[in-house]
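Note sheet for the following structure.
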Amino acid sequence: MTREMLPYLLIGFFSVFVSSVSQTLLKKASMKERSSILQEYLNLPVILAYGMFFGSTLLTMLAYKKLPLSMSPAFESSSYLFVTLFGVTIFKEKVGKRKLLALLLILAGILIFTL
């Protein structure tokens with residue numbers, strides 16, 4: 001990996017972060033009871049989450065202008081870390097030993113792959 005690729009690598013990881021935030025927003029929105037199907041999809045958190053998904057896609061396309069597609073597994077794998085972090089902090093989900101080990105293996109794989 002060259003120095004000129006580093007900003008694009010950061011953009012790629014940021015796009016996955018934005019996507020993970022939008023997934024969390026959608027999960028949070030789905031936990032609230034709505035009176036109609038239309039209200040389930042036409043409310044501010046859901047619209048904002050889908051807008052973030054769209055922005056994430058644009059960021060990913062920007063990142064791939066200079067990065068090889070082979071970097072894709074590193075980006076996608078990092079989403080597991082972000083989603084787990086949000087699940088623990090926002091939804092108070094528990095992380096057991098097996099899940100923690102799996103996350104550490106994912107993190108090690110990302111580091112080995114990108115270095």
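Please note that chains go A, B, ... in the order of the structure tokens, that every chain numbers its residues from 1, and that ligands are numbered from 1 in the order shown.
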Compile a residue-level contact table for region 12-93 of chain A against region 108-111 of chain A at a cut-off of 10 Å, reporting for every qualifying residue the shortest atom pair and its distance in Å to one decimal, with only C-alpha atoms counted, rows ordered by chain and ascending number, as a tab-separated table.
residue	atom	partner	partner_atom	distance
A:Met71	CA	A:Ile110	CA	9.5
A:Pro73	CA	A:Ile110	CA	8.1
A:Ala74	CA	A:Ile110	CA	5.2
A:Phe75	CA	A:Ile110	CA	8.2
A:Glu76	CA	A:Ile110	CA	9.7
A:Ser77	CA	A:Ile110	CA	7.2
A:Ser78	CA	A:Ile110	CA	7.4
Just-selected residues, C-alpha atoms written as an mmCIF file, in the first residue's frame:
data_model
loop_
_atom_site.group_PDB
_atom_site.id
_atom_site.type_symbol
_atom_site.label_atom_id
_atom_site.label_comp_id
_atom_site.auth_asym_id
_atom_site.auth_seq_id
_atom_site.Cartn_x
_atom_site.Cartn_y
_atom_site.Cartn_z
ATOM 1 C CA MET A 71 -9.506 -4.293 0.086
ATOM 2 C CA PRO A 73 -13.065 -7.748 2.851
ATOM 3 C CA ALA A 74 -11.218 -5.489 5.289
ATOM 4 C CA PHE A 75 -13.929 -2.827 5.050
ATOM 5 C CA GLU A 76 -16.800 -5.249 5.368
ATOM 6 C CA SER A 77 -15.229 -7.096 8.292
ATOM 7 C CA SER A 78 -14.786 -3.882 10.228
#
With a cut-off of 10 Å, could you pull out the residues of region 28-114 of chain A touching region 3-23 of chain A and give me the nearest pair of atoms for each, distance in Å to one decimal, using only C-alpha atoms, ordered by chain and ascending number, as a Markdown table?
| residue | atom | partner | partner_atom | distance |
| --- | --- | --- | --- | --- |
| A:Lys28 | CA | A:Gln23 | CA | 8.6 |
| A:Ala29 | CA | A:Gln23 | CA | 9.8 |
| A:Pro45 | CA | A:Ser22 | CA | 8.9 |
| A:Val46 | CA | A:Ser22 | CA | 8.5 |
| A:Ile47 | CA | A:Ser22 | CA | 9.8 |
| A:Leu48 | CA | A:Ser22 | CA | 7.7 |
| A:Ala49 | CA | A:Ser22 | CA | 4.4 |
| A:Tyr50 | CA | A:Ser22 | CA | 7.0 |
| A:Gly51 | CA | A:Ser22 | CA | 8.4 |
| A:Met52 | CA | A:Ser22 | CA | 5.9 |
| A:Phe53 | CA | A:Ser19 | CA | 5.5 |
| A:Phe54 | CA | A:Ser19 | CA | 8.8 |
| A:Gly55 | CA | A:Ser15 | CA | 7.8 |
| A:Ser56 | CA | A:Ser15 | CA | 4.6 |
| A:Thr57 | CA | A:Ser15 | CA | 7.2 |
| A:Leu58 | CA | A:Ser15 | CA | 8.3 |
| A:Leu59 | CA | A:Ser15 | CA | 5.5 |
| A:Thr60 | CA | A:Gly12 | CA | 5.5 |
| A:Met61 | CA | A:Gly12 | CA | 8.6 |
| A:Leu62 | CA | A:Tyr8 | CA | 7.4 |
| A:Ala63 | CA | A:Tyr8 | CA | 4.6 |
| A:Tyr64 | CA | A:Tyr8 | CA | 7.5 |
| A:Lys65 | CA | A:Tyr8 | CA | 8.0 |
| A:Lys66 | CA | A:Met5 | CA | 6.2 |
| A:Leu67 | CA | A:Met5 | CA | 6.5 |
| A:Pro68 | CA | A:Met5 | CA | 9.7 |
| A:Met71 | CA | A:Leu9 | CA | 8.5 |
| A:Ser72 | CA | A:Gly12 | CA | 8.7 |
| A:Ala74 | CA | A:Phe13 | CA | 8.5 |
| A:Phe75 | CA | A:Phe13 | CA | 5.7 |
| A:Glu76 | CA | A:Val16 | CA | 7.0 |
| A:Ser77 | CA | A:Val16 | CA | 9.1 |
| A:Ser78 | CA | A:Val16 | CA | 7.2 |
| A:Ser79 | CA | A:Val16 | CA | 5.9 |
| A:Tyr80 | CA | A:Ser20 | CA | 8.5 |
| A:Leu81 | CA | A:Ser20 | CA | 9.3 |
| A:Phe82 | CA | A:Ser20 | CA | 6.2 |
| A:Val83 | CA | A:Ser20 | CA | 5.8 |
| A:Thr84 | CA | A:Ser20 | CA | 9.5 |
| A:Leu85 | CA | A:Ser20 | CA | 9.9 |
| A:Phe86 | CA | A:Val21 | CA | 7.9 |
| A:Thr114 | CA | A:Leu9 | CA | 9.1 |
Just list the residues in chain A DSSP gives alpha helix (DSSP H) on the backbone, as a compact mmCIF listing (two decimals) with N, CA, C and O atoms, in the first residue's frame.
# COMPACT_ATOMS: atom_id res chain seq x y z
N LEU A 6 -3.55 5.87 1.49
CA LEU A 6 -3.98 5.97 2.89
C LEU A 6 -5.26 6.78 3.08
O LEU A 6 -6.18 6.34 3.77
N PRO A 7 -5.38 7.98 2.48
CA PRO A 7 -6.65 8.72 2.66
C PRO A 7 -7.86 7.94 2.15
O PRO A 7 -8.93 7.99 2.75
N TYR A 8 -7.67 7.22 1.07
CA TYR A 8 -8.78 6.45 0.52
C TYR A 8 -9.11 5.24 1.39
O TYR A 8 -10.27 4.84 1.49
N LEU A 9 -8.11 4.69 2.04
CA LEU A 9 -8.34 3.61 2.99
C LEU A 9 -9.16 4.13 4.18
O LEU A 9 -10.11 3.49 4.62
N LEU A 10 -8.83 5.32 4.66
CA LEU A 10 -9.58 5.92 5.77
C LEU A 10 -11.01 6.24 5.34
O LEU A 10 -11.95 6.06 6.12
N ILE A 11 -11.17 6.72 4.11
CA ILE A 11 -12.52 6.98 3.59
C ILE A 11 -13.33 5.68 3.55
O ILE A 11 -14.51 5.66 3.91
N GLY A 12 -12.68 4.60 3.14
CA GLY A 12 -13.37 3.31 3.08
C GLY A 12 -13.84 2.85 4.45
O GLY A 12 -14.98 2.41 4.61
N PHE A 13 -12.97 2.96 5.44
CA PHE A 13 -13.37 2.57 6.79
C PHE A 13 -14.43 3.51 7.35
O PHE A 13 -15.34 3.09 8.06
N PHE A 14 -14.33 4.80 7.02
CA PHE A 14 -15.35 5.76 7.47
C PHE A 14 -16.70 5.43 6.84
O PHE A 14 -17.74 5.54 7.51
N SER A 15 -16.70 4.99 5.59
CA SER A 15 -17.97 4.64 4.94
C SER A 15 -18.64 3.46 5.65
O SER A 15 -19.86 3.43 5.81
N VAL A 16 -17.83 2.51 6.11
CA VAL A 16 -18.38 1.37 6.86
C VAL A 16 -18.91 1.85 8.21
O VAL A 16 -19.96 1.39 8.67
N PHE A 17 -18.21 2.78 8.84
CA PHE A 17 -18.68 3.35 10.10
C PHE A 17 -20.04 4.03 9.92
O PHE A 17 -20.97 3.82 10.70
N VAL A 18 -20.16 4.83 8.86
CA VAL A 18 -21.43 5.52 8.58
C VAL A 18 -22.53 4.50 8.33
O VAL A 18 -23.66 4.65 8.83
N SER A 19 -22.23 3.45 7.59
CA SER A 19 -23.21 2.40 7.34
C SER A 19 -23.63 1.72 8.65
O SER A 19 -24.81 1.42 8.84
N SER A 20 -22.69 1.49 9.54
CA SER A 20 -23.00 0.86 10.83
C SER A 20 -23.87 1.76 11.69
O SER A 20 -24.79 1.28 12.38
N VAL A 21 -23.61 3.05 11.65
CA VAL A 21 -24.45 4.00 12.40
C VAL A 21 -25.87 3.97 11.84
O VAL A 21 -26.85 3.96 12.60
N SER A 22 -25.99 3.91 10.52
CA SER A 22 -27.33 3.89 9.93
C SER A 22 -28.07 2.59 10.28
O SER A 22 -29.28 2.62 10.53
N GLN A 23 -27.35 1.46 10.34
CA GLN A 23 -27.99 0.22 10.76
C GLN A 23 -28.50 0.33 12.19
O GLN A 23 -29.59 -0.17 12.52
N THR A 24 -27.71 0.97 13.03
CA THR A 24 -28.11 1.15 14.42
C THR A 24 -29.34 2.04 14.51
O THR A 24 -30.25 1.78 15.30
N LEU A 25 -29.37 3.10 13.70
CA LEU A 25 -30.54 3.97 13.66
C LEU A 25 -31.79 3.20 13.24
O LEU A 25 -32.87 3.39 13.82
N LEU A 26 -31.64 2.36 12.23
CA LEU A 26 -32.79 1.56 11.78
C LEU A 26 -33.27 0.60 12.88
O LEU A 26 -34.47 0.42 13.07
N LYS A 27 -32.33 -0.01 13.59
CA LYS A 27 -32.72 -0.92 14.67
C LYS A 27 -33.45 -0.16 15.77
O LYS A 27 -34.46 -0.62 16.29
N LYS A 28 -32.93 1.00 16.12
CA LYS A 28 -33.56 1.84 17.15
C LYS A 28 -34.97 2.25 16.71
O LYS A 28 -35.91 2.22 17.50
N ALA A 29 -35.11 2.64 15.43
CA ALA A 29 -36.42 3.05 14.92
C ALA A 29 -37.40 1.88 14.89
O ALA A 29 -38.60 2.08 15.11
N SER A 30 -36.91 0.68 14.65
CA SER A 30 -37.80 -0.48 14.57
C SER A 30 -38.33 -0.89 15.94
O SER A 30 -39.32 -1.63 16.02
N ILE A 37 -48.11 1.15 8.60
CA ILE A 37 -46.91 0.75 7.84
C ILE A 37 -46.24 1.97 7.24
O ILE A 37 -45.01 2.06 7.19
N LEU A 38 -47.02 2.92 6.78
CA LEU A 38 -46.47 4.14 6.19
C LEU A 38 -45.63 4.91 7.19
O LEU A 38 -44.54 5.39 6.85
N GLN A 39 -46.07 4.97 8.44
CA GLN A 39 -45.31 5.66 9.47
C GLN A 39 -44.03 4.92 9.83
O GLN A 39 -43.07 5.52 10.31
N GLU A 40 -44.00 3.61 9.60
CA GLU A 40 -42.79 2.85 9.88
C GLU A 40 -41.65 3.25 8.95
O GLU A 40 -40.49 3.17 9.32
N TYR A 41 -41.99 3.65 7.74
CA TYR A 41 -40.97 4.00 6.75
C TYR A 41 -40.80 5.50 6.55
O TYR A 41 -39.74 5.94 6.08
N LEU A 44 -38.43 10.38 10.63
CA LEU A 44 -37.10 11.00 10.53
C LEU A 44 -35.94 10.01 10.72
O LEU A 44 -35.02 10.02 9.90
N PRO A 45 -35.94 9.16 11.75
CA PRO A 45 -34.80 8.25 11.91
C PRO A 45 -34.60 7.31 10.71
O PRO A 45 -33.48 7.07 10.28
N VAL A 46 -35.68 6.79 10.15
CA VAL A 46 -35.57 5.86 9.02
C VAL A 46 -35.09 6.60 7.77
O VAL A 46 -34.19 6.13 7.07
N ILE A 47 -35.64 7.77 7.51
CA ILE A 47 -35.21 8.55 6.34
C ILE A 47 -33.74 8.94 6.49
O ILE A 47 -32.96 8.86 5.54
N LEU A 48 -33.35 9.36 7.68
CA LEU A 48 -31.96 9.73 7.93
C LEU A 48 -31.03 8.51 7.75
O LEU A 48 -29.96 8.63 7.14
N ALA A 49 -31.46 7.35 8.24
CA ALA A 49 -30.64 6.14 8.11
C ALA A 49 -30.44 5.76 6.65
O ALA A 49 -29.32 5.43 6.24
N TYR A 50 -31.50 5.83 5.85
CA TYR A 50 -31.34 5.50 4.43
C TYR A 50 -30.51 6.55 3.70
O TYR A 50 -29.76 6.21 2.78
N GLY A 51 -30.60 7.80 4.12
CA GLY A 51 -29.73 8.83 3.56
C GLY A 51 -28.26 8.55 3.89
O GLY A 51 -27.38 8.75 3.06
N MET A 52 -28.02 8.07 5.10
CA MET A 52 -26.66 7.72 5.50
C MET A 52 -26.15 6.51 4.70
O MET A 52 -24.98 6.47 4.32
N PHE A 53 -27.03 5.53 4.45
CA PHE A 53 -26.65 4.40 3.60
C PHE A 53 -26.22 4.89 2.22
O PHE A 53 -25.22 4.44 1.66
N PHE A 54 -26.99 5.82 1.66
CA PHE A 54 -26.66 6.37 0.35
C PHE A 54 -25.31 7.08 0.40
O PHE A 54 -24.46 6.89 -0.47
N GLY A 55 -25.09 7.90 1.43
CA GLY A 55 -23.81 8.59 1.59
C GLY A 55 -22.66 7.62 1.76
O GLY A 55 -21.57 7.82 1.22
N SER A 56 -22.91 6.55 2.48
CA SER A 56 -21.89 5.51 2.67
C SER A 56 -21.52 4.87 1.34
O SER A 56 -20.34 4.61 1.08
N THR A 57 -22.50 4.64 0.51
CA THR A 57 -22.23 4.07 -0.81
C THR A 57 -21.37 5.01 -1.65
O THR A 57 -20.43 4.58 -2.33
N LEU A 58 -21.66 6.30 -1.60
CA LEU A 58 -20.86 7.28 -2.33
C LEU A 58 -19.42 7.31 -1.81
O LEU A 58 -18.47 7.38 -2.60
N LEU A 59 -19.27 7.26 -0.49
CA LEU A 59 -17.92 7.23 0.08
C LEU A 59 -17.15 5.98 -0.34
O LEU A 59 -15.96 6.04 -0.62
N THR A 60 -17.84 4.85 -0.38
CA THR A 60 -17.20 3.61 -0.79
C THR A 60 -16.73 3.70 -2.24
O THR A 60 -15.62 3.30 -2.57
N MET A 61 -17.57 4.27 -3.10
CA MET A 61 -17.18 4.44 -4.50
C MET A 61 -15.97 5.37 -4.62
O MET A 61 -15.07 5.12 -5.42
N LEU A 62 -15.93 6.40 -3.80
CA LEU A 62 -14.79 7.31 -3.79
C LEU A 62 -13.53 6.57 -3.35
O LEU A 62 -12.46 6.74 -3.95
N ALA A 63 -13.65 5.75 -2.33
CA ALA A 63 -12.49 5.00 -1.83
C ALA A 63 -11.94 4.06 -2.89
O ALA A 63 -10.72 3.92 -3.03
N SER A 72 -11.86 -4.80 -0.14
CA SER A 72 -13.25 -4.89 0.29
C SER A 72 -13.46 -5.76 1.53
O SER A 72 -14.21 -5.37 2.42
N PRO A 73 -12.84 -6.94 1.64
CA PRO A 73 -13.07 -7.75 2.85
C PRO A 73 -12.66 -7.03 4.14
O PRO A 73 -13.31 -7.21 5.17
N ALA A 74 -11.63 -6.22 4.09
CA ALA A 74 -11.22 -5.49 5.29
C ALA A 74 -12.29 -4.49 5.70
O ALA A 74 -12.60 -4.35 6.89
N PHE A 75 -12.87 -3.79 4.73
CA PHE A 75 -13.93 -2.83 5.05
C PHE A 75 -15.14 -3.54 5.64
O PHE A 75 -15.66 -3.15 6.68
N GLU A 76 -15.59 -4.56 4.93
CA GLU A 76 -16.80 -5.25 5.37
C GLU A 76 -16.63 -5.91 6.73
O GLU A 76 -17.55 -5.90 7.54
N SER A 77 -15.48 -6.45 7.00
CA SER A 77 -15.23 -7.10 8.29
C SER A 77 -15.24 -6.10 9.44
O SER A 77 -15.65 -6.42 10.54
N SER A 78 -14.81 -4.88 9.16
CA SER A 78 -14.79 -3.88 10.23
C SER A 78 -16.20 -3.51 10.68
O SER A 78 -16.38 -3.05 11.81
N SER A 79 -17.19 -3.75 9.85
CA SER A 79 -18.56 -3.43 10.26
C SER A 79 -18.99 -4.27 11.46
O SER A 79 -19.76 -3.80 12.30
N TYR A 80 -18.48 -5.50 11.57
CA TYR A 80 -18.81 -6.34 12.73
C TYR A 80 -18.34 -5.67 14.03
O TYR A 80 -19.01 -5.73 15.06
N LEU A 81 -17.19 -5.05 13.96
CA LEU A 81 -16.66 -4.37 15.15
C LEU A 81 -17.53 -3.17 15.54
O LEU A 81 -17.88 -3.00 16.70
N PHE A 82 -17.88 -2.36 14.53
CA PHE A 82 -18.70 -1.18 14.81
C PHE A 82 -20.09 -1.56 15.33
O PHE A 82 -20.57 -0.98 16.31
N VAL A 83 -20.72 -2.52 14.68
CA VAL A 83 -22.07 -2.91 15.08
C VAL A 83 -22.07 -3.50 16.49
O VAL A 83 -22.96 -3.21 17.29
N THR A 84 -21.06 -4.29 16.81
CA THR A 84 -20.96 -4.84 18.17
C THR A 84 -20.75 -3.73 19.19
O THR A 84 -21.38 -3.72 20.25
N LEU A 85 -19.89 -2.78 18.87
CA LEU A 85 -19.66 -1.65 19.76
C LEU A 85 -20.94 -0.87 20.02
O LEU A 85 -21.27 -0.54 21.16
N PHE A 86 -21.71 -0.61 18.96
CA PHE A 86 -22.97 0.11 19.13
C PHE A 86 -23.99 -0.72 19.89
O PHE A 86 -24.77 -0.19 20.68
N GLY A 87 -24.00 -2.03 19.64
CA GLY A 87 -24.93 -2.90 20.35
C GLY A 87 -24.68 -2.90 21.85
O GLY A 87 -25.60 -2.86 22.65
N VAL A 88 -23.41 -2.91 22.23
CA VAL A 88 -23.05 -2.91 23.65
C VAL A 88 -23.35 -1.55 24.28
O VAL A 88 -23.92 -1.49 25.38
N THR A 89 -22.99 -0.48 23.60
CA THR A 89 -23.14 0.85 24.21
C THR A 89 -24.57 1.38 24.16
O THR A 89 -25.04 1.98 25.12
N ILE A 90 -25.28 1.14 23.07
CA ILE A 90 -26.61 1.73 22.90
C ILE A 90 -27.71 0.78 23.37
O ILE A 90 -28.64 1.20 24.07
N LYS A 97 -17.57 -14.61 25.77
CA LYS A 97 -16.17 -14.93 25.44
C LYS A 97 -16.00 -15.33 23.98
O LYS A 97 -15.05 -14.92 23.33
N ARG A 98 -16.94 -16.10 23.45
CA ARG A 98 -16.83 -16.55 22.06
C ARG A 98 -16.96 -15.38 21.09
O ARG A 98 -16.24 -15.30 20.10
N LYS A 99 -17.88 -14.49 21.39
CA LYS A 99 -18.06 -13.32 20.51
C LYS A 99 -16.85 -12.41 20.59
O LYS A 99 -16.40 -11.87 19.57
N LEU A 100 -16.31 -12.24 21.77
CA LEU A 100 -15.11 -11.41 21.94
C LEU A 100 -13.93 -12.02 21.18
O LEU A 100 -13.19 -11.30 20.50
N LEU A 101 -13.77 -13.33 21.27
CA LEU A 101 -12.70 -14.01 20.54
C LEU A 101 -12.89 -13.84 19.03
O LEU A 101 -11.93 -13.55 18.30
N ALA A 102 -14.12 -13.97 18.57
CA ALA A 102 -14.40 -13.79 17.15
C ALA A 102 -14.06 -12.37 16.69
O ALA A 102 -13.47 -12.16 15.63
N LEU A 103 -14.41 -11.39 17.50
CA LEU A 103 -14.11 -9.99 17.16
C LEU A 103 -12.60 -9.74 17.13
O LEU A 103 -12.09 -9.01 16.27
N LEU A 104 -11.89 -10.34 18.07
CA LEU A 104 -10.43 -10.19 18.07
C LEU A 104 -9.80 -10.83 16.83
O LEU A 104 -8.86 -10.27 16.26
N LEU A 105 -10.33 -11.97 16.42
CA LEU A 105 -9.84 -12.61 15.20
C LEU A 105 -10.14 -11.75 13.96
O LEU A 105 -9.30 -11.64 13.06
N ILE A 106 -11.31 -11.15 13.92
CA ILE A 106 -11.66 -10.25 12.82
C ILE A 106 -10.69 -9.06 12.80
O ILE A 106 -10.17 -8.70 11.74
N LEU A 107 -10.46 -8.46 13.96
CA LEU A 107 -9.56 -7.33 14.05
C LEU A 107 -8.13 -7.72 13.61
O LEU A 107 -7.48 -7.00 12.85
N ALA A 108 -7.67 -8.88 14.05
CA ALA A 108 -6.34 -9.35 13.66
C ALA A 108 -6.30 -9.57 12.15
O ALA A 108 -5.30 -9.21 11.50
N GLY A 109 -7.33 -10.13 11.58
CA GLY A 109 -7.39 -10.34 10.14
C GLY A 109 -7.35 -9.04 9.36
O GLY A 109 -6.65 -8.93 8.35
N ILE A 110 -8.07 -8.03 9.86
CA ILE A 110 -8.05 -6.72 9.19
C ILE A 110 -6.66 -6.13 9.24
O ILE A 110 -6.14 -5.62 8.24
N LEU A 111 -6.04 -6.20 10.41
CA LEU A 111 -4.70 -5.62 10.54
C LEU A 111 -3.67 -6.34 9.67
O LEU A 111 -2.85 -5.70 9.00
N ILE A 112 -3.73 -7.64 9.65
CA ILE A 112 -2.80 -8.41 8.82
C ILE A 112 -3.04 -8.13 7.34
O ILE A 112 -2.09 -7.92 6.57
N PHE A 113 -4.29 -8.03 6.95
CA PHE A 113 -4.64 -7.83 5.55
C PHE A 113 -4.21 -6.44 5.06
O PHE A 113 -3.73 -6.30 3.94
N THR A 114 -4.41 -5.42 5.91
CA THR A 114 -4.12 -4.06 5.47
C THR A 114 -2.65 -3.68 5.59
O THR A 114 -2.20 -2.74 4.96
